[in-house]
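Novice: Data: final.cif, mmCIF, N, CA and C atoms.
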data_entry
#
loop_
_atom_site.label_atom_id
_atom_site.label_comp_id
_atom_site.auth_asym_id
_atom_site.auth_seq_id
_atom_site.Cartn_x
_atom_site.Cartn_y
_atom_site.Cartn_z
N MET O 1 -105.76 -81.55 161.06
CA MET O 1 -104.81 -81.47 160.00
C MET O 1 -105.18 -82.53 158.97
N ALA O 2 -105.17 -82.16 157.74
CA ALA O 2 -105.47 -83.10 156.69
C ALA O 2 -104.25 -83.98 156.46
N GLU O 3 -104.48 -85.28 156.54
CA GLU O 3 -103.39 -86.18 156.23
C GLU O 3 -103.32 -86.29 154.72
N GLY O 4 -102.13 -86.46 154.21
CA GLY O 4 -102.00 -86.51 152.77
C GLY O 4 -100.75 -87.24 152.37
N PRO O 5 -100.46 -87.17 151.08
CA PRO O 5 -99.29 -87.88 150.60
C PRO O 5 -98.02 -87.28 151.18
N GLU O 6 -97.04 -88.12 151.27
CA GLU O 6 -95.77 -87.61 151.76
C GLU O 6 -95.05 -86.93 150.63
N VAL O 7 -94.03 -86.21 150.98
CA VAL O 7 -93.20 -85.51 150.01
C VAL O 7 -91.80 -86.07 150.12
N ALA O 8 -91.16 -86.29 149.01
CA ALA O 8 -89.78 -86.77 149.00
C ALA O 8 -88.96 -85.82 148.14
N SER O 9 -87.69 -85.77 148.40
CA SER O 9 -86.82 -84.83 147.70
C SER O 9 -86.21 -85.45 146.44
N ALA O 10 -85.64 -84.58 145.65
CA ALA O 10 -84.83 -85.02 144.53
C ALA O 10 -83.43 -85.22 145.07
N LEU O 11 -83.01 -86.45 145.20
CA LEU O 11 -81.72 -86.77 145.81
C LEU O 11 -80.73 -87.16 144.75
N PRO O 12 -79.46 -87.09 144.99
CA PRO O 12 -78.77 -86.87 146.24
C PRO O 12 -78.34 -85.42 146.46
N LEU O 13 -78.90 -84.47 145.75
CA LEU O 13 -78.40 -83.11 145.81
C LEU O 13 -79.14 -82.23 146.81
N LEU O 14 -79.77 -82.80 147.81
CA LEU O 14 -80.56 -82.04 148.76
C LEU O 14 -79.67 -81.20 149.67
N THR O 15 -79.93 -79.91 149.71
CA THR O 15 -79.26 -79.01 150.64
C THR O 15 -80.26 -78.62 151.73
N ALA O 16 -79.77 -78.01 152.78
CA ALA O 16 -80.66 -77.54 153.84
C ALA O 16 -81.67 -76.53 153.27
N ALA O 17 -81.21 -75.65 152.40
CA ALA O 17 -82.11 -74.66 151.79
C ALA O 17 -83.18 -75.34 150.94
N ALA O 18 -82.78 -76.34 150.16
CA ALA O 18 -83.76 -77.08 149.34
C ALA O 18 -84.74 -77.84 150.22
N ALA O 19 -84.26 -78.40 151.32
CA ALA O 19 -85.15 -79.12 152.24
C ALA O 19 -86.15 -78.16 152.88
N ARG O 20 -85.71 -76.96 153.23
CA ARG O 20 -86.64 -75.96 153.78
C ARG O 20 -87.69 -75.57 152.74
N ASP O 21 -87.27 -75.39 151.49
CA ASP O 21 -88.23 -75.06 150.43
C ASP O 21 -89.26 -76.18 150.25
N LEU O 22 -88.80 -77.43 150.24
CA LEU O 22 -89.73 -78.56 150.14
C LEU O 22 -90.69 -78.58 151.33
N THR O 23 -90.18 -78.27 152.50
CA THR O 23 -91.01 -78.27 153.71
C THR O 23 -92.06 -77.16 153.65
N ARG O 24 -91.66 -75.97 153.22
CA ARG O 24 -92.64 -74.87 153.08
C ARG O 24 -93.72 -75.24 152.07
N ASP O 25 -93.31 -75.83 150.93
CA ASP O 25 -94.28 -76.26 149.92
C ASP O 25 -95.23 -77.31 150.48
N PHE O 26 -94.69 -78.24 151.27
CA PHE O 26 -95.49 -79.28 151.90
C PHE O 26 -96.53 -78.66 152.83
N LEU O 27 -96.11 -77.70 153.66
CA LEU O 27 -97.04 -77.05 154.58
C LEU O 27 -98.12 -76.30 153.82
N THR O 28 -97.75 -75.60 152.76
CA THR O 28 -98.72 -74.87 151.96
C THR O 28 -99.72 -75.84 151.32
N ALA O 29 -99.23 -76.93 150.78
CA ALA O 29 -100.10 -77.92 150.13
C ALA O 29 -101.10 -78.53 151.11
N HIS O 30 -100.72 -78.60 152.39
CA HIS O 30 -101.60 -79.15 153.42
C HIS O 30 -102.40 -78.08 154.14
N GLY O 31 -102.28 -76.83 153.71
CA GLY O 31 -103.03 -75.74 154.33
C GLY O 31 -102.59 -75.43 155.74
N LEU O 32 -101.32 -75.65 156.03
CA LEU O 32 -100.78 -75.43 157.37
C LEU O 32 -99.90 -74.20 157.35
N ALA O 33 -100.20 -73.24 158.21
CA ALA O 33 -99.46 -71.98 158.13
C ALA O 33 -99.22 -71.34 159.49
N SER O 34 -98.84 -72.09 160.46
CA SER O 34 -98.53 -71.53 161.77
C SER O 34 -97.08 -71.08 161.81
N ASP O 35 -96.85 -69.81 162.10
CA ASP O 35 -95.49 -69.30 162.11
C ASP O 35 -94.61 -70.02 163.14
N VAL O 36 -95.10 -70.17 164.36
CA VAL O 36 -94.30 -70.78 165.42
C VAL O 36 -94.04 -72.25 165.13
N GLU O 37 -95.07 -72.98 164.76
CA GLU O 37 -94.88 -74.40 164.48
C GLU O 37 -94.06 -74.61 163.21
N ALA O 38 -94.25 -73.76 162.21
CA ALA O 38 -93.46 -73.87 160.99
C ALA O 38 -91.99 -73.59 161.29
N ASP O 39 -91.72 -72.60 162.12
CA ASP O 39 -90.33 -72.29 162.48
C ASP O 39 -89.68 -73.48 163.18
N ALA O 40 -90.39 -74.14 164.08
CA ALA O 40 -89.83 -75.30 164.77
C ALA O 40 -89.55 -76.43 163.78
N LEU O 41 -90.49 -76.69 162.89
CA LEU O 41 -90.30 -77.74 161.89
C LEU O 41 -89.13 -77.40 160.96
N LEU O 42 -89.07 -76.17 160.50
CA LEU O 42 -87.97 -75.78 159.61
C LEU O 42 -86.62 -75.88 160.30
N LEU O 43 -86.56 -75.59 161.59
CA LEU O 43 -85.32 -75.72 162.34
C LEU O 43 -84.90 -77.19 162.43
N VAL O 44 -85.86 -78.08 162.71
CA VAL O 44 -85.55 -79.51 162.78
C VAL O 44 -85.06 -80.01 161.42
N VAL O 45 -85.74 -79.63 160.34
CA VAL O 45 -85.33 -80.02 159.00
C VAL O 45 -83.91 -79.53 158.72
N THR O 46 -83.66 -78.27 159.01
CA THR O 46 -82.34 -77.69 158.75
C THR O 46 -81.25 -78.43 159.51
N GLU O 47 -81.48 -78.69 160.80
CA GLU O 47 -80.45 -79.35 161.61
C GLU O 47 -80.20 -80.78 161.14
N LEU O 48 -81.27 -81.53 160.84
CA LEU O 48 -81.08 -82.93 160.41
C LEU O 48 -80.34 -83.01 159.08
N VAL O 49 -80.73 -82.16 158.13
CA VAL O 49 -80.07 -82.19 156.82
C VAL O 49 -78.63 -81.69 156.93
N THR O 50 -78.41 -80.62 157.66
CA THR O 50 -77.05 -80.11 157.84
C THR O 50 -76.16 -81.13 158.52
N ASN O 51 -76.67 -81.78 159.56
CA ASN O 51 -75.87 -82.80 160.26
C ASN O 51 -75.54 -83.97 159.34
N ALA O 52 -76.51 -84.38 158.50
CA ALA O 52 -76.27 -85.47 157.55
C ALA O 52 -75.17 -85.08 156.57
N GLN O 53 -75.20 -83.85 156.11
CA GLN O 53 -74.18 -83.38 155.17
C GLN O 53 -72.82 -83.24 155.84
N ARG O 54 -72.81 -82.67 157.01
CA ARG O 54 -71.55 -82.34 157.67
C ARG O 54 -70.88 -83.55 158.32
N HIS O 55 -71.68 -84.45 158.88
CA HIS O 55 -71.10 -85.52 159.70
C HIS O 55 -71.36 -86.93 159.20
N ALA O 56 -72.20 -87.11 158.17
CA ALA O 56 -72.65 -88.47 157.86
C ALA O 56 -72.66 -88.79 156.37
N GLY O 57 -71.86 -88.11 155.59
CA GLY O 57 -71.73 -88.47 154.18
C GLY O 57 -72.83 -88.01 153.26
N GLY O 58 -73.72 -87.18 153.73
CA GLY O 58 -74.78 -86.62 152.89
C GLY O 58 -76.13 -87.28 153.08
N VAL O 59 -77.15 -86.61 152.59
CA VAL O 59 -78.53 -87.08 152.68
C VAL O 59 -78.78 -88.12 151.60
N THR O 60 -79.34 -89.27 151.97
CA THR O 60 -79.69 -90.30 151.00
C THR O 60 -81.20 -90.44 150.84
N ASP O 61 -81.98 -89.86 151.73
CA ASP O 61 -83.44 -89.91 151.63
C ASP O 61 -84.02 -88.81 152.50
N PHE O 62 -85.16 -88.26 152.05
CA PHE O 62 -85.84 -87.19 152.78
C PHE O 62 -87.33 -87.31 152.53
N HIS O 63 -88.10 -87.38 153.63
CA HIS O 63 -89.55 -87.49 153.52
C HIS O 63 -90.22 -86.62 154.56
N LEU O 64 -91.39 -86.12 154.21
CA LEU O 64 -92.27 -85.42 155.14
C LEU O 64 -93.63 -86.07 155.08
N THR O 65 -94.26 -86.27 156.24
CA THR O 65 -95.62 -86.79 156.29
C THR O 65 -96.39 -86.02 157.35
N ALA O 66 -97.69 -85.89 157.11
CA ALA O 66 -98.58 -85.24 158.08
C ALA O 66 -99.48 -86.30 158.69
N SER O 67 -99.69 -86.19 159.99
CA SER O 67 -100.59 -87.12 160.69
C SER O 67 -101.20 -86.38 161.87
N GLY O 68 -102.03 -87.05 162.61
CA GLY O 68 -102.62 -86.47 163.80
C GLY O 68 -101.59 -86.13 164.87
N GLU O 69 -100.44 -86.78 164.82
CA GLU O 69 -99.36 -86.52 165.77
C GLU O 69 -98.64 -85.21 165.48
N GLY O 70 -98.54 -84.87 164.20
CA GLY O 70 -97.79 -83.70 163.79
C GLY O 70 -97.21 -83.91 162.42
N ILE O 71 -96.11 -83.25 162.15
CA ILE O 71 -95.40 -83.41 160.89
C ILE O 71 -94.16 -84.24 161.18
N THR O 72 -94.00 -85.31 160.41
CA THR O 72 -92.85 -86.19 160.60
C THR O 72 -91.87 -85.99 159.46
N VAL O 73 -90.63 -85.75 159.83
CA VAL O 73 -89.54 -85.62 158.86
C VAL O 73 -88.62 -86.81 159.03
N THR O 74 -88.27 -87.44 157.91
CA THR O 74 -87.33 -88.55 157.91
C THR O 74 -86.13 -88.15 157.06
N VAL O 75 -84.95 -88.25 157.63
CA VAL O 75 -83.71 -87.97 156.93
C VAL O 75 -82.83 -89.21 157.07
N ALA O 76 -82.37 -89.71 155.92
CA ALA O 76 -81.44 -90.84 155.93
C ALA O 76 -80.08 -90.33 155.44
N ASP O 77 -79.03 -90.98 155.94
CA ASP O 77 -77.68 -90.60 155.53
C ASP O 77 -76.82 -91.85 155.41
N ARG O 78 -75.54 -91.66 155.12
CA ARG O 78 -74.64 -92.78 154.84
C ARG O 78 -73.90 -93.32 156.06
N SER O 79 -74.06 -92.73 157.21
CA SER O 79 -73.33 -93.18 158.39
C SER O 79 -74.25 -93.95 159.34
N PRO O 80 -73.82 -95.14 159.78
CA PRO O 80 -74.63 -95.88 160.75
C PRO O 80 -74.50 -95.34 162.18
N GLN O 81 -73.60 -94.38 162.40
CA GLN O 81 -73.37 -93.84 163.74
C GLN O 81 -74.53 -92.95 164.17
N ALA O 82 -75.05 -93.19 165.36
CA ALA O 82 -76.12 -92.35 165.91
C ALA O 82 -75.57 -90.96 166.25
N PRO O 83 -76.41 -89.93 166.14
CA PRO O 83 -75.97 -88.59 166.54
C PRO O 83 -75.60 -88.57 168.02
N VAL O 84 -74.70 -87.67 168.36
CA VAL O 84 -74.29 -87.51 169.76
C VAL O 84 -74.39 -86.05 170.16
N ASP O 85 -74.61 -85.84 171.43
CA ASP O 85 -74.59 -84.48 171.96
C ASP O 85 -73.14 -84.04 172.08
N ALA O 86 -72.82 -82.91 171.51
CA ALA O 86 -71.48 -82.36 171.66
C ALA O 86 -71.45 -81.54 172.94
N SER O 87 -70.34 -81.57 173.60
CA SER O 87 -70.23 -80.81 174.84
C SER O 87 -69.36 -79.59 174.63
N SER O 88 -69.72 -78.80 173.61
CA SER O 88 -68.97 -77.58 173.32
C SER O 88 -69.37 -76.48 174.28
N PRO O 89 -68.44 -75.62 174.61
CA PRO O 89 -68.80 -74.43 175.40
C PRO O 89 -69.76 -73.57 174.59
N ALA O 90 -70.59 -72.81 175.27
CA ALA O 90 -71.61 -71.99 174.61
C ALA O 90 -71.03 -71.01 173.62
N TRP O 91 -69.81 -70.56 173.84
CA TRP O 91 -69.19 -69.58 172.95
C TRP O 91 -68.60 -70.19 171.70
N GLN O 92 -68.46 -71.52 171.67
CA GLN O 92 -67.85 -72.20 170.53
C GLN O 92 -68.93 -72.61 169.54
N PRO O 93 -68.75 -72.34 168.23
CA PRO O 93 -69.76 -72.71 167.25
C PRO O 93 -69.91 -74.22 167.12
N GLY O 94 -71.11 -74.66 166.80
CA GLY O 94 -71.37 -76.07 166.54
C GLY O 94 -71.76 -76.84 167.78
N GLY O 95 -72.31 -78.02 167.54
CA GLY O 95 -72.63 -78.92 168.63
C GLY O 95 -74.00 -78.75 169.24
N PHE O 96 -74.82 -77.87 168.69
CA PHE O 96 -76.12 -77.61 169.30
C PHE O 96 -77.29 -78.21 168.52
N GLY O 97 -77.04 -78.70 167.31
CA GLY O 97 -78.12 -79.16 166.44
C GLY O 97 -78.91 -80.33 167.00
N TRP O 98 -78.22 -81.37 167.44
CA TRP O 98 -78.93 -82.55 167.95
C TRP O 98 -79.73 -82.24 169.21
N PRO O 99 -79.20 -81.50 170.16
CA PRO O 99 -80.03 -81.12 171.31
C PRO O 99 -81.26 -80.30 170.91
N VAL O 100 -81.12 -79.44 169.91
CA VAL O 100 -82.27 -78.66 169.43
C VAL O 100 -83.33 -79.60 168.85
N VAL O 101 -82.91 -80.54 168.02
CA VAL O 101 -83.85 -81.50 167.43
C VAL O 101 -84.55 -82.28 168.55
N ARG O 102 -83.79 -82.75 169.52
CA ARG O 102 -84.38 -83.52 170.63
C ARG O 102 -85.40 -82.69 171.41
N SER O 103 -85.15 -81.39 171.56
CA SER O 103 -86.06 -80.57 172.34
C SER O 103 -87.33 -80.22 171.58
N LEU O 104 -87.28 -80.18 170.25
CA LEU O 104 -88.45 -79.78 169.46
C LEU O 104 -89.31 -80.95 169.02
N ALA O 105 -88.73 -82.14 168.94
CA ALA O 105 -89.47 -83.31 168.46
C ALA O 105 -90.24 -83.98 169.60
N SER O 106 -91.49 -84.33 169.32
CA SER O 106 -92.27 -85.07 170.31
C SER O 106 -91.96 -86.57 170.22
N ARG O 107 -91.45 -86.99 169.09
CA ARG O 107 -91.05 -88.39 168.88
C ARG O 107 -89.79 -88.36 168.04
N LEU O 108 -88.82 -89.20 168.43
CA LEU O 108 -87.54 -89.22 167.74
C LEU O 108 -87.02 -90.65 167.72
N GLU O 109 -86.73 -91.14 166.53
CA GLU O 109 -86.21 -92.51 166.38
C GLU O 109 -84.98 -92.47 165.49
N VAL O 110 -83.98 -93.26 165.86
CA VAL O 110 -82.79 -93.42 165.03
C VAL O 110 -82.61 -94.91 164.80
N THR O 111 -82.61 -95.31 163.54
CA THR O 111 -82.37 -96.71 163.20
C THR O 111 -81.17 -96.78 162.27
N SER O 112 -80.27 -97.71 162.58
CA SER O 112 -79.04 -97.86 161.80
C SER O 112 -79.00 -99.21 161.11
N ASP O 113 -78.32 -99.24 159.98
CA ASP O 113 -78.00 -100.48 159.30
C ASP O 113 -76.63 -100.27 158.65
N PRO O 114 -76.06 -101.30 158.04
CA PRO O 114 -74.71 -101.14 157.50
C PRO O 114 -74.59 -100.02 156.45
N GLY O 115 -75.67 -99.65 155.77
CA GLY O 115 -75.61 -98.62 154.75
C GLY O 115 -75.81 -97.21 155.26
N GLY O 116 -76.14 -97.05 156.54
CA GLY O 116 -76.37 -95.73 157.09
C GLY O 116 -77.41 -95.74 158.18
N LYS O 117 -78.15 -94.64 158.29
CA LYS O 117 -79.19 -94.55 159.33
C LYS O 117 -80.36 -93.72 158.83
N HIS O 118 -81.48 -93.90 159.49
CA HIS O 118 -82.68 -93.09 159.28
C HIS O 118 -82.99 -92.40 160.61
N ILE O 119 -83.21 -91.11 160.55
CA ILE O 119 -83.67 -90.37 161.72
C ILE O 119 -85.08 -89.91 161.41
N VAL O 120 -86.01 -90.26 162.29
CA VAL O 120 -87.42 -89.91 162.13
C VAL O 120 -87.79 -89.01 163.31
N ALA O 121 -88.19 -87.78 163.00
CA ALA O 121 -88.54 -86.82 164.05
C ALA O 121 -89.94 -86.28 163.76
N THR O 122 -90.80 -86.33 164.77
CA THR O 122 -92.15 -85.76 164.64
C THR O 122 -92.21 -84.48 165.44
N VAL O 123 -92.62 -83.41 164.76
CA VAL O 123 -92.79 -82.11 165.39
C VAL O 123 -94.27 -81.90 165.59
N PRO O 124 -94.71 -81.65 166.82
CA PRO O 124 -96.14 -81.47 167.08
C PRO O 124 -96.72 -80.33 166.23
N TRP O 125 -97.96 -80.53 165.81
CA TRP O 125 -98.64 -79.50 165.00
C TRP O 125 -100.08 -79.41 165.46
N THR O 126 -100.45 -78.29 166.01
CA THR O 126 -101.82 -78.14 166.51
C THR O 126 -102.66 -77.23 165.62
N THR O 127 -102.03 -76.32 164.91
CA THR O 127 -102.76 -75.37 164.08
C THR O 127 -103.30 -76.06 162.84
N GLY O 128 -104.60 -75.85 162.56
CA GLY O 128 -105.18 -76.38 161.34
C GLY O 128 -105.64 -77.82 161.44
N ARG O 129 -105.61 -78.42 162.62
CA ARG O 129 -106.09 -79.79 162.76
C ARG O 129 -107.60 -79.82 162.58
N THR O 130 -108.05 -80.90 161.96
CA THR O 130 -109.49 -81.10 161.79
C THR O 130 -109.98 -82.25 162.60
#
Please, can you express the file's structure as structure tokens?

Specialist:
Amino acid sequence: MAEGPEVASALPLLTAAAARDLTRDFLTAHGLASDVEADALLLVVTELVTNAQRHAGGVTDFHLTASGEGITVTVADRSPQAPVDASSPAWQPGGFGWPVVRSLASRLEVTSDPGGKHIVATVPWTTGRT
């Protein structure tokens, strides 16, 4: 995979749909086009951005980077509270995003400070590596 410049969003108006569009553009710019791996990355992006909007006061920063490890997405928000697993019954909507992110990311870090938190998730990428 060709390593290259990271991509950042136009903030603070980032929506999950806009984040997915930025992610698709990033993959295209890097010549990466695996359907399965792209779907996993897009799901992680969607869940992190949606959770930031729904539970943490909105997205304050968004970055994508490519490396030998995979594609790393960083989402920052306004809440210093770490994500938690919800224990909702399977029939009840919601509560599945964080477990999905944890299952798809090969590396996951959450760092908090008084102004909010950064979540850094790396999704493995094997297609197109050089």

Novice: Kindly indicate which residue among O:Ser103, O:Gln53, O:Gln81, O:Thr23 lies nearest to O:Gly116, using only N, CA and C atoms for the distances.

Specialist: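 Distance minimum relative to O:Gly116 lands on O:Gln81.
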
Novice: Could you tell me how far atom CA of O:Arg20 sits from atom CA of O:Asp113, in Å to one decimal place?

Specialist: 26.6 Å

Novice: Using Å and a single decimal, report how far atom N of O:Leu27 sits from atom C of O:Lys117.

Specialist: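 That distance, rounded to one decimal, is 23.1 Å.
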
Novice: If we count all atoms listed in the file, what is near O:Gly115 at a cut-off of 6.5 Å, once residues fewer than 4 positions away on the same chain are taken out, given as an NGL selection string?

Specialist: :O and (77-80)

Novice: Measure the distance from atom CA of O:Gly68 to atom CA of O:Glu109 in Å and round it to one decimal.

Specialist: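 It comes out at 17.7 Å.
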
Novice: Care to translate the PyMOL selection byres ((chain O and resi 74) around 6.5) into actual residues of this file, as a list in words?

Specialist: Asp61, Phe62, His63, Leu64, Thr65, Thr72, Val73, Val75, Ala76, His118, Ile119, Val120 and Ala121 of chain O

Novice: Would you list the contacts of O:Val101 as a PyMOL selection string, taking every protein, DNA or RNA residue within 7 Å and counting all atoms listed in the file, but skipping same-chain residues closer than 4 positions in sequence?

Specialist: chain O and resi 43-44+47+96-97+105

Novice: Could you give me, as a ChimeraX atom specification, each residue of stretch 22-104 of chain O that DSSP assigns to helix (DSSP H, G or I) when run on this structure's backbone?

Specialist: /O:22-29,35-55,97-104

Novice: Could you pull out the strand (DSSP E or B) residues of stretch 26-62 of chain O, going by DSSP on the backbone, and write them as a list in words?

Specialist: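 Of stretch 26-62 of chain O, only Val59, Thr60, Asp61 and Phe62 of chain O fall in strand (DSSP E or B).
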
Novice: Rank O:Ala82, O:Val45, O:Trp125, O:Ala66 by their smallest atom-to-atom distance to O:Ser112, using all atoms listed in the file, and report the top residue only.

Specialist: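 For O:Ser112, the nearest of the given residues is O:Ala82.
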